[in-house]
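Q: Sharing input10.csv (CSV, C-alpha atoms) below.
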chain,number,residue,atom,x,y,z
A,675,MET,CA,61.5,21.0,21.7
A,676,ALA,CA,64.5,19.9,19.6
A,677,ASP,CA,63.4,21.6,16.4
A,678,LEU,CA,62.3,25.2,17.1
A,679,VAL,CA,60.9,25.6,13.6
A,680,ARG,CA,57.1,25.0,13.8
A,681,PRO,CA,55.0,23.4,11.0
A,682,THR,CA,53.8,26.2,8.7
A,683,ASP,CA,50.2,27.1,9.3
A,684,ASP,CA,47.7,29.6,8.0
A,685,GLY,CA,48.5,32.2,10.7
A,686,ALA,CA,52.2,32.1,9.7
A,687,ARG,CA,51.3,32.4,6.0
A,688,ARG,CA,49.1,35.4,6.7
A,689,GLN,CA,51.8,37.1,8.8
A,690,ALA,CA,54.5,36.5,6.2
A,691,GLN,CA,52.1,37.7,3.4
A,692,ARG,CA,51.4,40.9,5.4
A,693,LEU,CA,55.2,41.6,5.7
A,694,PHE,CA,55.8,40.7,2.1
A,695,GLY,CA,52.8,42.6,0.7
A,696,THR,CA,53.5,45.9,2.5
A,697,ALA,CA,57.3,45.9,1.9
A,698,ARG,CA,58.6,49.3,0.8
A,699,HIS,CA,62.2,48.7,2.0
A,700,GLY,CA,64.4,45.8,3.0
A,701,ALA,CA,67.9,44.8,3.8
A,702,LEU,CA,69.6,43.1,0.8
A,703,GLY,CA,72.4,40.7,1.6
A,704,VAL,CA,75.0,40.0,-1.1
A,705,ILE,CA,78.5,38.7,-1.4
A,706,ASP,CA,81.1,41.3,-2.4
A,707,PRO,CA,82.9,39.9,-5.5
A,708,ALA,CA,86.2,41.7,-4.7
A,709,SER,CA,86.6,40.5,-1.1
A,710,GLY,CA,84.2,37.6,-0.8
A,711,ALA,CA,82.8,39.3,2.3
A,712,PRO,CA,79.0,39.5,3.0
A,713,GLN,CA,77.5,43.0,2.5
A,714,VAL,CA,74.1,44.4,3.4
A,715,SER,CA,72.4,47.4,1.9
A,716,ARG,CA,69.0,49.0,2.5
A,717,VAL,CA,67.0,49.0,-0.7
A,718,ALA,CA,63.6,50.3,-1.9
A,719,LEU,CA,61.2,47.6,-2.9
A,720,ARG,CA,57.7,47.0,-4.4
A,721,PRO,CA,55.9,43.7,-4.2
A,722,ASP,CA,54.9,42.4,-7.6
A,723,GLY,CA,53.0,39.1,-7.4
A,724,ALA,CA,55.1,36.5,-5.8
A,725,ASP,CA,58.3,38.5,-6.4
A,726,LEU,CA,59.6,41.9,-5.5
A,727,LEU,CA,60.9,44.8,-7.6
A,728,MET,CA,64.0,46.8,-6.6
A,729,LEU,CA,65.4,49.9,-8.3
A,730,VAL,CA,69.2,49.9,-8.1
A,731,SER,CA,72.0,52.1,-9.4
A,732,THR,CA,74.8,50.5,-11.4
A,733,LEU,CA,77.1,52.8,-9.3
A,734,SER,CA,76.3,50.9,-6.1
A,735,HIS,CA,78.4,48.2,-4.5
A,736,HIS,CA,75.5,45.8,-4.4
A,737,TRP,CA,75.0,46.2,-8.2
A,738,ALA,CA,78.5,44.7,-8.8
A,739,ALA,CA,77.7,41.9,-6.3
A,740,LEU,CA,74.4,41.1,-8.1
A,741,GLU,CA,76.1,41.0,-11.5
A,742,ALA,CA,78.7,38.6,-10.2
A,743,ARG,CA,76.2,36.5,-8.2
A,744,PRO,CA,72.5,37.1,-8.6
A,745,ASP,CA,71.5,34.8,-5.7
A,746,CYS,CA,71.0,36.9,-2.6
A,747,SER,CA,69.0,37.4,0.6
A,748,LEU,CA,66.4,39.9,1.6
A,749,LEU,CA,65.2,40.8,5.1
A,750,LEU,CA,61.7,42.4,5.5
A,751,GLY,CA,60.1,43.8,8.6
A,752,GLU,CA,60.6,46.8,10.9
A,753,PRO,CA,60.7,46.8,14.7
A,754,GLY,CA,57.9,48.7,16.3
A,755,PRO,CA,58.4,51.9,18.2
A,756,GLU,CA,58.3,50.2,21.6
A,757,GLY,CA,59.5,47.0,23.1
A,758,ASP,CA,62.2,44.6,22.1
A,759,PRO,CA,63.1,44.9,18.4
A,760,LEU,CA,64.0,41.2,18.4
A,761,ALA,CA,60.3,40.4,19.2
A,762,ALA,CA,59.1,42.1,16.0
A,763,PRO,CA,58.2,39.8,13.1
A,764,ARG,CA,60.6,39.6,10.2
A,765,LEU,CA,60.8,37.6,7.0
A,766,THR,CA,64.0,36.5,5.4
A,767,LEU,CA,63.8,35.6,1.7
A,768,ALA,CA,66.1,33.7,-0.6
A,769,VAL,CA,65.9,35.5,-3.9
A,770,ARG,CA,67.5,35.7,-7.3
A,771,ALA,CA,68.0,39.1,-9.0
A,772,ALA,CA,67.0,39.4,-12.7
A,773,MET,CA,66.4,42.4,-15.0
A,774,ALA,CA,62.9,43.7,-15.1
A,775,GLN,CA,61.2,45.9,-17.7
A,776,LYS,CA,62.0,49.3,-16.3
A,777,GLU,CA,59.9,51.4,-18.7
A,778,ALA,CA,56.9,49.1,-18.6
A,779,LEU,CA,56.8,49.1,-14.8
A,780,LYS,CA,57.5,52.8,-14.2
A,781,PRO,CA,53.9,53.7,-13.4
A,782,GLU,CA,53.7,50.9,-10.8
A,783,TRP,CA,57.0,51.8,-9.2
A,784,LEU,CA,56.2,55.5,-9.0
A,785,ALA,CA,52.8,54.8,-7.5
A,786,TRP,CA,54.6,53.0,-4.7
A,787,HIS,CA,57.6,55.3,-4.5
A,788,PRO,CA,56.6,58.8,-5.8
A,789,LYS,CA,59.8,60.5,-4.8
A,790,ALA,CA,61.7,58.2,-7.1
A,791,ALA,CA,60.4,60.3,-10.0
A,792,LEU,CA,63.5,62.5,-9.4
A,793,TYR,CA,65.9,59.8,-10.4
A,794,TYR,CA,64.0,56.9,-12.0
A,795,ASP,CA,65.0,57.8,-15.5
A,796,PHE,CA,68.7,58.3,-14.7
A,797,ALA,CA,70.8,56.2,-17.0
A,798,ASP,CA,72.6,54.3,-14.2
A,799,PHE,CA,69.3,53.0,-12.6
A,800,ARG,CA,68.0,49.5,-13.4
A,801,LEU,CA,64.8,47.9,-12.3
A,802,MET,CA,65.5,44.4,-10.9
A,803,ARG,CA,63.0,41.6,-10.2
A,804,LEU,CA,63.8,39.6,-7.0
A,805,GLU,CA,62.5,36.2,-7.7
A,806,VAL,CA,61.5,34.5,-4.5
A,807,SER,CA,62.6,30.9,-3.9
A,808,HIS,CA,61.6,30.4,-0.3
A,809,GLY,CA,61.6,32.2,3.1
A,810,PHE,CA,61.9,32.0,6.8
A,811,LEU,CA,59.6,33.8,9.1
A,812,VAL,CA,60.3,34.7,12.7
A,813,GLY,CA,56.9,35.7,14.0
A,814,GLY,CA,58.1,36.6,17.5
A,815,PHE,CA,59.8,34.7,20.3
A,816,GLY,CA,59.5,31.0,19.8
A,817,ARG,CA,57.6,31.3,16.5
A,818,ALA,CA,59.7,30.3,13.5
A,819,PHE,CA,58.4,28.9,10.2
A,820,GLU,CA,59.9,27.8,6.9
A,821,LEU,CA,57.9,29.1,3.9
A,822,SER,CA,57.7,28.0,0.3
A,823,ARG,CA,57.1,30.4,-2.6
A,824,ALA,CA,53.5,29.2,-2.7
A,825,ASP,CA,53.1,30.2,1.0
A,826,LEU,CA,53.9,33.8,-0.1
A,827,GLU,CA,51.9,34.0,-3.4
A,828,ASN,CA,48.7,35.3,-1.9
A,829,SER,CA,50.3,38.5,-0.5
A,830,LYS,CA,48.2,41.7,-0.4
A,831,GLY,CA,50.7,43.6,-2.3
A,832,PRO,CA,49.8,46.0,-5.2
A,833,GLY,CA,50.9,43.7,-8.0
If you took the structure in this file and wrote it as structure tokens, what would it be?
A:
Amino acid sequence: MADLVRPTDDGARRQAQRLFGTARHGALGVIDPASGAPQVSRVALRPDGADLLMLVSTLSHHWAALEARPDCSLLLGEPGPEGDPLAAPRLTLAVRAAMAQKEALKPEWLAWHPKAALYYDFADFRLMRLEVSHGFLVGGFGRAFELSRADLENSKGPG
């Protein structure tokens, strides 16, 4: 098979929606504005419709990167406790960071991340909306799929 990316089917959509709809954390990929080098940070997330929310401190390195260039990438999915971690499903999303309504979304965020009540109201924290453009699902060995925003919109997330 020359092209290893399979046609997107309902099984791939369901698997991607499950990863998306249960995401509490992910790996955020940005470009460091000072060096131009790629940088990855673990971030807390909450699904919100077809997008994700992320609470971020303005003191973090990825904040400066997002201010300079809001287009970024997000990796969702955790390897299981056994077996090959590369066989575990994972979803890479192309996203664009934008400001979200921090006060209005506070109850939803704290329902998903209750320990964040300790710092949610700190002046340096901002709530960001990660607007999903498209994604790429690796559903296991030999199972790769390109996904549109519409493929992810029926996630089982809280929002």
Q: Nearest to A:Val730: which of A:Glu805, A:Asp795, A:Glu820, A:Asp677 is it, counting only C-alpha atoms?
A: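 That would be A:Asp795, the residue with the smallest distance to A:Val730.
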Q: Using all atoms listed in the file, can you tell me which of A:Ala778, A:Gly751, A:Leu767, A:Ala785 comes closest to A:Phe810?
A: A:Leu767
Q: Show me, as an NGL selection string, the residues that have an atom within 6 Å of A:Pro763 when counting all atoms listed in the file, minus same-chain residues fewer than 2 positions from it.
A: :A and (812-814)
Q: Between A:Phe694, A:Phe796, A:Trp737, A:Trp786, which is the closest to A:Asp825 once you count only C-alpha atoms?
A: A:Phe694
Q: Atom CA of A:Thr682 and atom CA of A:Leu826 are how many Å apart?
A: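 Distance reported for this atom pair: 11.6 Å.
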Q: Could you check the closest approach to A:Arg823 for each of A:Gly723, A:Pro788, A:Gly685, A:Pro759 and tell me which residue wins, using all atoms listed in the file?
A: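 That would be A:Gly723, the residue with the smallest distance to A:Arg823.
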Q: So, with all atoms listed in the file as the atoms that count, which of A:Ala708, A:Leu678, A:Leu733, A:Ala718 lies closest to A:Ala797?
A: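 For A:Ala797, the nearest of the candidates is A:Leu733.
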Q: Give me the residues near stretch 748-750 of chain A as a PyMOL selection string, where near means some atom within 10 Å (using all atoms listed in the file) and where sequence neighbours in that chain fewer than 2 positions away do not count.
A: chain A and resi 690+693-694+696-704+714-717+719+746+752+763-770+804+806+809-811
